[in-house]
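Take a look at the structure below.
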Amino acid sequence: MTDDFKAAANRKARDERKEAHLRGIMDRYTGQFRAAGNQDAPSVARRVHIAIDDVLERDRKKSAASGDIKCRKGCDHCCRVPVEIWPHEAALLVEIARAAGMELDKARLERQSRYTIATWRQQPAADRACVFLGDDGACKVYEFRPNACRKLLVTTDPALCDADKHPSDSVGRWFSWEAEIMESAALEIFGAALMPGLLLAALNRGGNGV
């Protein structure tokens, strides 16, 4: 057996072990989320948000590169792009908004819901902003933000996140494999759609179910 053949065989074995490990993580989370499917929607979202925060905190402590994360309060380019969430997150957001006496802009949600990921930037610039984005560039529901927002951590200049001026591949990200898999499992089990449509649906049914 040649050295090149041995090296190739070792690489294949490592790749297979990695794939099996990642599949095991995916199966674990899909099982957990499937079991939670009939529970109170906002409570499910809260528990999953706590879990992904724990994973991100753990992995950031292990990664020197996580010190390069540039995301800060007031950096809001990512709050003006289409965001996919799951219905349980929409129910939580509506519950929190109502508890805070926050009036959601249904007219803007209805306008936004006419657009897809591919056509999002065809909207007027003012309409693209998340309904939870404050005038100060900060999220009004930051503690309860969706997983998609929690795991989006940028390591390049925040100015590059402006999709009107820079291509998306110019943005560098730090990410946790397990957090990415967790969110993929949640989307697979709970379903995924753009935030405006799911918020409208949650508002129409009262916000406490899916």
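In the structure tokens, the first chain shown is A, the next is B, and so on; residue numbers restart at 1 for each chain, and ligands run from 1 in the order shown.
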Q | Within 6 Å of Ile85 of chain A using only C-alpha atoms, minus same-chain residues under 2 positions, as a list in words | A | Ala192, Ala193 and Met195 of chain A
For the residues selected in the previous step, produce a file with N, CA and C atoms as an mmCIF file, in the first residue's frame.
data_model
loop_
_atom_site.group_PDB
_atom_site.id
_atom_site.type_symbol
_atom_site.label_atom_id
_atom_site.label_comp_id
_atom_site.auth_asym_id
_atom_site.auth_seq_id
_atom_site.Cartn_x
_atom_site.Cartn_y
_atom_site.Cartn_z
ATOM 1 N N ALA A 192 -40.393 26.327 8.166
ATOM 2 C CA ALA A 192 -39.695 27.603 7.984
ATOM 3 C C ALA A 192 -40.455 28.492 7.018
ATOM 4 N N ALA A 193 -40.443 29.784 7.296
ATOM 5 C CA ALA A 193 -41.018 30.777 6.398
ATOM 6 C C ALA A 193 -40.428 32.133 6.761
ATOM 7 N N MET A 195 -40.197 35.866 8.129
ATOM 8 C CA MET A 195 -40.758 36.434 9.348
ATOM 9 C C MET A 195 -42.082 37.182 9.148
#
Pick out the residues sitting within 10 Å of Arg80 of chain A, and hand them over as a tab-separated table (two decimals) with N, CA, C and O atoms, in the first residue's frame; count only C-alpha atoms, and ignore anything fewer than 4 positions along from it in its own chain.
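Dumped everything to out.tsv:
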chain	number	residue	atom	x	y	z
A	76	ASP	N	-27.05	47.47	11.95
A	76	ASP	CA	-28.36	46.91	11.64
A	76	ASP	C	-28.58	46.50	10.17
A	76	ASP	O	-29.71	46.32	9.75
A	120	TRP	N	-36.73	40.30	-2.26
A	120	TRP	CA	-36.78	41.19	-1.08
A	120	TRP	C	-36.26	42.59	-1.38
A	120	TRP	O	-36.84	43.59	-0.96
A	121	ARG	N	-35.17	42.69	-2.10
A	121	ARG	CA	-34.54	43.99	-2.34
A	121	ARG	C	-35.29	44.82	-3.37
A	121	ARG	O	-34.89	45.96	-3.64
A	125	ALA	N	-36.50	50.85	0.22
A	125	ALA	CA	-35.51	50.63	1.28
A	125	ALA	C	-36.13	50.72	2.68
A	125	ALA	O	-35.80	49.92	3.56
A	126	ALA	N	-37.05	51.65	2.88
A	126	ALA	CA	-37.66	51.84	4.20
A	126	ALA	C	-38.51	50.64	4.62
A	126	ALA	O	-38.68	50.38	5.81
A	127	ASP	N	-39.04	49.92	3.65
A	127	ASP	CA	-39.91	48.79	3.95
A	127	ASP	C	-39.15	47.51	4.28
A	127	ASP	O	-39.72	46.56	4.80
A	128	ARG	N	-37.87	47.46	3.96
A	128	ARG	CA	-37.11	46.21	4.16
A	128	ARG	C	-36.78	45.96	5.63
A	128	ARG	O	-36.49	44.83	6.02
A	129	ALA	N	-36.82	46.99	6.45
A	129	ALA	CA	-36.39	46.85	7.84
A	129	ALA	C	-37.34	45.96	8.64
A	129	ALA	O	-38.56	45.99	8.46
A	130	CYS	N	-36.77	45.17	9.53
A	130	CYS	CA	-37.54	44.34	10.45
A	130	CYS	C	-38.46	45.23	11.28
A	130	CYS	O	-38.07	46.33	11.69
A	131	VAL	N	-39.66	44.76	11.55
A	131	VAL	CA	-40.61	45.57	12.34
A	131	VAL	C	-40.14	45.77	13.78
A	131	VAL	O	-40.68	46.62	14.48
A	133	LEU	N	-36.99	46.59	14.51
A	133	LEU	CA	-35.80	47.45	14.50
A	133	LEU	C	-36.18	48.85	14.97
A	133	LEU	O	-37.06	49.50	14.40
A	162	ASP	N	-23.80	45.70	4.20
A	162	ASP	CA	-24.77	46.48	3.43
A	162	ASP	C	-24.93	45.84	2.06
A	162	ASP	O	-24.08	45.99	1.17
A	163	ALA	N	-26.03	45.10	1.87
A	163	ALA	CA	-26.25	44.34	0.64
A	163	ALA	C	-26.45	45.23	-0.58
A	163	ALA	O	-26.30	44.76	-1.72
Q | Of the listed residues A:Lys140, A:His88, A:Arg150, A:Lys70, that which approaches Leu104 of chain A most closely, counting only C-alpha atoms | A |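 Distance minimum relative to Leu104 of chain A lands on A:Lys140.
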With only C-alpha atoms as the counted atoms, please give the residues lying no more than 8 Å from His49 of chain A, apart from itself and same-chain residues fewer than 2 positions off, as a compact mmCIF listing (two decimals) with all heavy atoms, in the first residue's frame.
# COMPACT_ATOMS: atom_id res chain seq x y z
N ALA A 45 -39.94 27.86 21.94
CA ALA A 45 -38.98 28.81 21.36
C ALA A 45 -37.99 29.30 22.41
O ALA A 45 -36.78 29.37 22.14
CB ALA A 45 -39.72 29.99 20.73
N ARG A 46 -38.47 29.62 23.59
CA ARG A 46 -37.57 30.09 24.66
C ARG A 46 -36.52 29.03 24.98
O ARG A 46 -35.33 29.35 25.12
CB ARG A 46 -38.38 30.41 25.92
CG ARG A 46 -39.13 31.73 25.90
CD ARG A 46 -39.72 32.00 27.28
NE ARG A 46 -40.34 33.31 27.37
CZ ARG A 46 -41.62 33.56 27.11
NH1 ARG A 46 -42.42 32.54 26.74
NH2 ARG A 46 -42.12 34.77 27.21
N ARG A 47 -36.96 27.77 25.12
CA ARG A 47 -36.02 26.71 25.49
C ARG A 47 -34.97 26.50 24.40
O ARG A 47 -33.78 26.29 24.70
CB ARG A 47 -36.76 25.41 25.77
CG ARG A 47 -37.58 25.44 27.06
CD ARG A 47 -37.93 24.04 27.53
NE ARG A 47 -38.77 23.34 26.57
CZ ARG A 47 -40.08 23.42 26.52
NH1 ARG A 47 -40.74 24.19 27.37
NH2 ARG A 47 -40.77 22.73 25.63
N ALA A 51 -30.88 27.05 24.55
CA ALA A 51 -29.97 25.96 24.15
C ALA A 51 -28.96 26.44 23.11
O ALA A 51 -27.77 26.13 23.21
CB ALA A 51 -30.78 24.79 23.60
N ILE A 52 -29.41 27.21 22.12
CA ILE A 52 -28.47 27.66 21.09
C ILE A 52 -27.51 28.70 21.67
O ILE A 52 -26.32 28.72 21.30
CB ILE A 52 -29.19 28.20 19.84
CG1 ILE A 52 -28.23 28.17 18.64
CG2 ILE A 52 -29.74 29.60 20.05
CD1 ILE A 52 -28.91 28.45 17.30
N ASP A 53 -27.97 29.52 22.60
CA ASP A 53 -27.06 30.48 23.25
C ASP A 53 -25.97 29.74 24.03
O ASP A 53 -24.80 30.15 24.03
CB ASP A 53 -27.85 31.39 24.20
CG ASP A 53 -28.60 32.49 23.47
OD1 ASP A 53 -28.35 32.68 22.26
OD2 ASP A 53 -29.44 33.14 24.11
N PHE A 144 -35.27 38.11 22.78
CA PHE A 144 -36.18 37.09 22.23
C PHE A 144 -36.02 36.91 20.72
O PHE A 144 -36.87 36.32 20.07
CB PHE A 144 -37.62 37.46 22.58
CG PHE A 144 -37.83 37.72 24.04
CD1 PHE A 144 -37.81 39.02 24.53
CD2 PHE A 144 -37.99 36.67 24.93
CE1 PHE A 144 -37.97 39.26 25.89
CE2 PHE A 144 -38.14 36.90 26.29
CZ PHE A 144 -38.13 38.21 26.78
N PRO A 146 -34.97 35.68 16.98
CA PRO A 146 -34.95 34.31 16.44
C PRO A 146 -33.53 33.73 16.38
O PRO A 146 -32.53 34.45 16.42
CB PRO A 146 -35.52 34.48 15.03
CG PRO A 146 -36.27 35.77 15.05
CD PRO A 146 -35.52 36.65 16.02
N ASN A 147 -33.48 32.40 16.24
CA ASN A 147 -32.19 31.72 16.11
C ASN A 147 -31.39 32.24 14.93
O ASN A 147 -30.16 32.32 14.99
CB ASN A 147 -32.40 30.22 15.94
CG ASN A 147 -32.48 29.48 17.26
OD1 ASN A 147 -32.36 30.08 18.33
ND2 ASN A 147 -32.70 28.19 17.20
Could you give me, as a tab-separated table, a per-residue list for segment 125-190 of chain A showing, wherever an atom lies at most 12 Å from an atom of segment 56-69 of chain A, the closest pair of atoms and their distance in Å to one decimal, using only C-alpha atoms and sorting by chain then residue number from low to high?
residue	atom	partner	partner_atom	distance
A:Asn147	CA	A:Leu56	CA	10.9
A:Arg150	CA	A:Leu56	CA	8.7
A:Lys151	CA	A:Leu56	CA	7.5
A:Leu152	CA	A:Ile69	CA	10.0
A:Leu153	CA	A:Ile69	CA	6.2
A:Val154	CA	A:Ile69	CA	5.4
A:Thr155	CA	A:Ile69	CA	4.3
A:Thr156	CA	A:Ile69	CA	7.5
A:Asp157	CA	A:Ile69	CA	9.4
A:Pro158	CA	A:Ile69	CA	9.7
A:Val171	CA	A:Ile69	CA	11.6
A:Gly172	CA	A:Ile69	CA	9.4
A:Arg173	CA	A:Ile69	CA	8.0
A:Trp174	CA	A:Ser66	CA	6.3
A:Phe175	CA	A:Leu56	CA	8.2
A:Ser176	CA	A:Asp59	CA	6.4
A:Trp177	CA	A:Asp59	CA	9.0
A:Glu178	CA	A:Leu56	CA	8.4
A:Ala179	CA	A:Leu56	CA	6.6
A:Glu180	CA	A:Leu56	CA	9.8
A:Ile181	CA	A:Leu56	CA	11.9
A:Met182	CA	A:Leu56	CA	10.9
A:Glu183	CA	A:Leu56	CA	11.9
(Q) Nearest residue to Gly24 of chain A out of A:Ala185, A:His166, A:Asp105, A:Gly74, using only C-alpha atoms? (A) A:Ala185
Q: Please provide as a list in words all residues within 9 Å of segment 92-95 of chain A, with the sequence filter that same-chain residues fewer than 6 positions apart are discarded (counting only C-alpha atoms).
A: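 The filter keeps Ala41, Pro42, Ser43, Val44, Ala45, Arg46, Leu104, Val141, Phe144, Arg145, Pro146, Leu199, Ala202, Leu203, Gly206, Gly207 and Asn208 of chain A.
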Export of the given selection (N, CA and C atoms) as a PDB file, in the first residue's frame:
ATOM      1  N   ALA A  41     -46.098  26.869  22.249  1.00  0.00           N
ATOM      2  CA  ALA A  41     -45.160  27.353  21.236  1.00  0.00           C
ATOM      3  C   ALA A  41     -44.142  28.361  21.775  1.00  0.00           C
ATOM      4  N   PRO A  42     -44.558  29.424  22.475  1.00  0.00           N
ATOM      5  CA  PRO A  42     -43.563  30.377  22.985  1.00  0.00           C
ATOM      6  C   PRO A  42     -42.559  29.724  23.940  1.00  0.00           C
ATOM      7  N   SER A  43     -43.028  28.774  24.755  1.00  0.00           N
ATOM      8  CA  SER A  43     -42.125  28.105  25.696  1.00  0.00           C
ATOM      9  C   SER A  43     -41.099  27.267  24.956  1.00  0.00           C
ATOM     10  N   VAL A  44     -41.525  26.585  23.882  1.00  0.00           N
ATOM     11  CA  VAL A  44     -40.597  25.806  23.071  1.00  0.00           C
ATOM     12  C   VAL A  44     -39.519  26.726  22.493  1.00  0.00           C
ATOM     13  N   ALA A  45     -39.936  27.863  21.942  1.00  0.00           N
ATOM     14  CA  ALA A  45     -38.980  28.805  21.358  1.00  0.00           C
ATOM     15  C   ALA A  45     -37.991  29.300  22.410  1.00  0.00           C
ATOM     16  N   ARG A  46     -38.469  29.622  23.592  1.00  0.00           N
ATOM     17  CA  ARG A  46     -37.574  30.087  24.660  1.00  0.00           C
ATOM     18  C   ARG A  46     -36.517  29.029  24.979  1.00  0.00           C
ATOM     19  N   LEU A 104     -47.286  46.302  16.532  1.00  0.00           N
ATOM     20  CA  LEU A 104     -46.561  45.907  15.329  1.00  0.00           C
ATOM     21  C   LEU A 104     -47.176  46.556  14.098  1.00  0.00           C
ATOM     22  N   VAL A 141     -36.552  43.628  20.587  1.00  0.00           N
ATOM     23  CA  VAL A 141     -36.847  42.352  21.250  1.00  0.00           C
ATOM     24  C   VAL A 141     -35.590  41.481  21.271  1.00  0.00           C
ATOM     25  N   PHE A 144     -35.270  38.107  22.776  1.00  0.00           N
ATOM     26  CA  PHE A 144     -36.176  37.086  22.230  1.00  0.00           C
ATOM     27  C   PHE A 144     -36.023  36.914  20.720  1.00  0.00           C
ATOM     28  N   ARG A 145     -34.927  37.446  20.162  1.00  0.00           N
ATOM     29  CA  ARG A 145     -34.716  37.379  18.724  1.00  0.00           C
ATOM     30  C   ARG A 145     -34.632  35.931  18.249  1.00  0.00           C
ATOM     31  N   PRO A 146     -34.966  35.675  16.980  1.00  0.00           N
ATOM     32  CA  PRO A 146     -34.948  34.314  16.442  1.00  0.00           C
ATOM     33  C   PRO A 146     -33.534  33.730  16.383  1.00  0.00           C
ATOM     34  N   LEU A 199     -45.391  36.224  11.359  1.00  0.00           N
ATOM     35  CA  LEU A 199     -45.870  37.186  12.364  1.00  0.00           C
ATOM     36  C   LEU A 199     -47.337  37.528  12.133  1.00  0.00           C
ATOM     37  N   ALA A 202     -49.403  34.651  13.312  1.00  0.00           N
ATOM     38  CA  ALA A 202     -49.463  34.599  14.779  1.00  0.00           C
ATOM     39  C   ALA A 202     -50.369  35.688  15.332  1.00  0.00           C
ATOM     40  N   LEU A 203     -50.326  36.866  14.750  1.00  0.00           N
ATOM     41  CA  LEU A 203     -51.194  37.968  15.177  1.00  0.00           C
ATOM     42  C   LEU A 203     -52.656  37.612  14.962  1.00  0.00           C
ATOM     43  N   GLY A 206     -53.865  34.978  17.568  1.00  0.00           N
ATOM     44  CA  GLY A 206     -53.719  35.318  18.971  1.00  0.00           C
ATOM     45  C   GLY A 206     -52.319  35.220  19.505  1.00  0.00           C
ATOM     46  N   GLY A 207     -51.415  34.584  18.754  1.00  0.00           N
ATOM     47  CA  GLY A 207     -50.005  34.599  19.092  1.00  0.00           C
ATOM     48  C   GLY A 207     -49.517  33.519  20.014  1.00  0.00           C
ATOM     49  N   ASN A 208     -50.419  32.669  20.568  1.00  0.00           N
ATOM     50  CA  ASN A 208     -49.946  31.693  21.565  1.00  0.00           C
ATOM     51  C   ASN A 208     -49.986  30.256  21.061  1.00  0.00           C
TER      52      ASN A 208
END
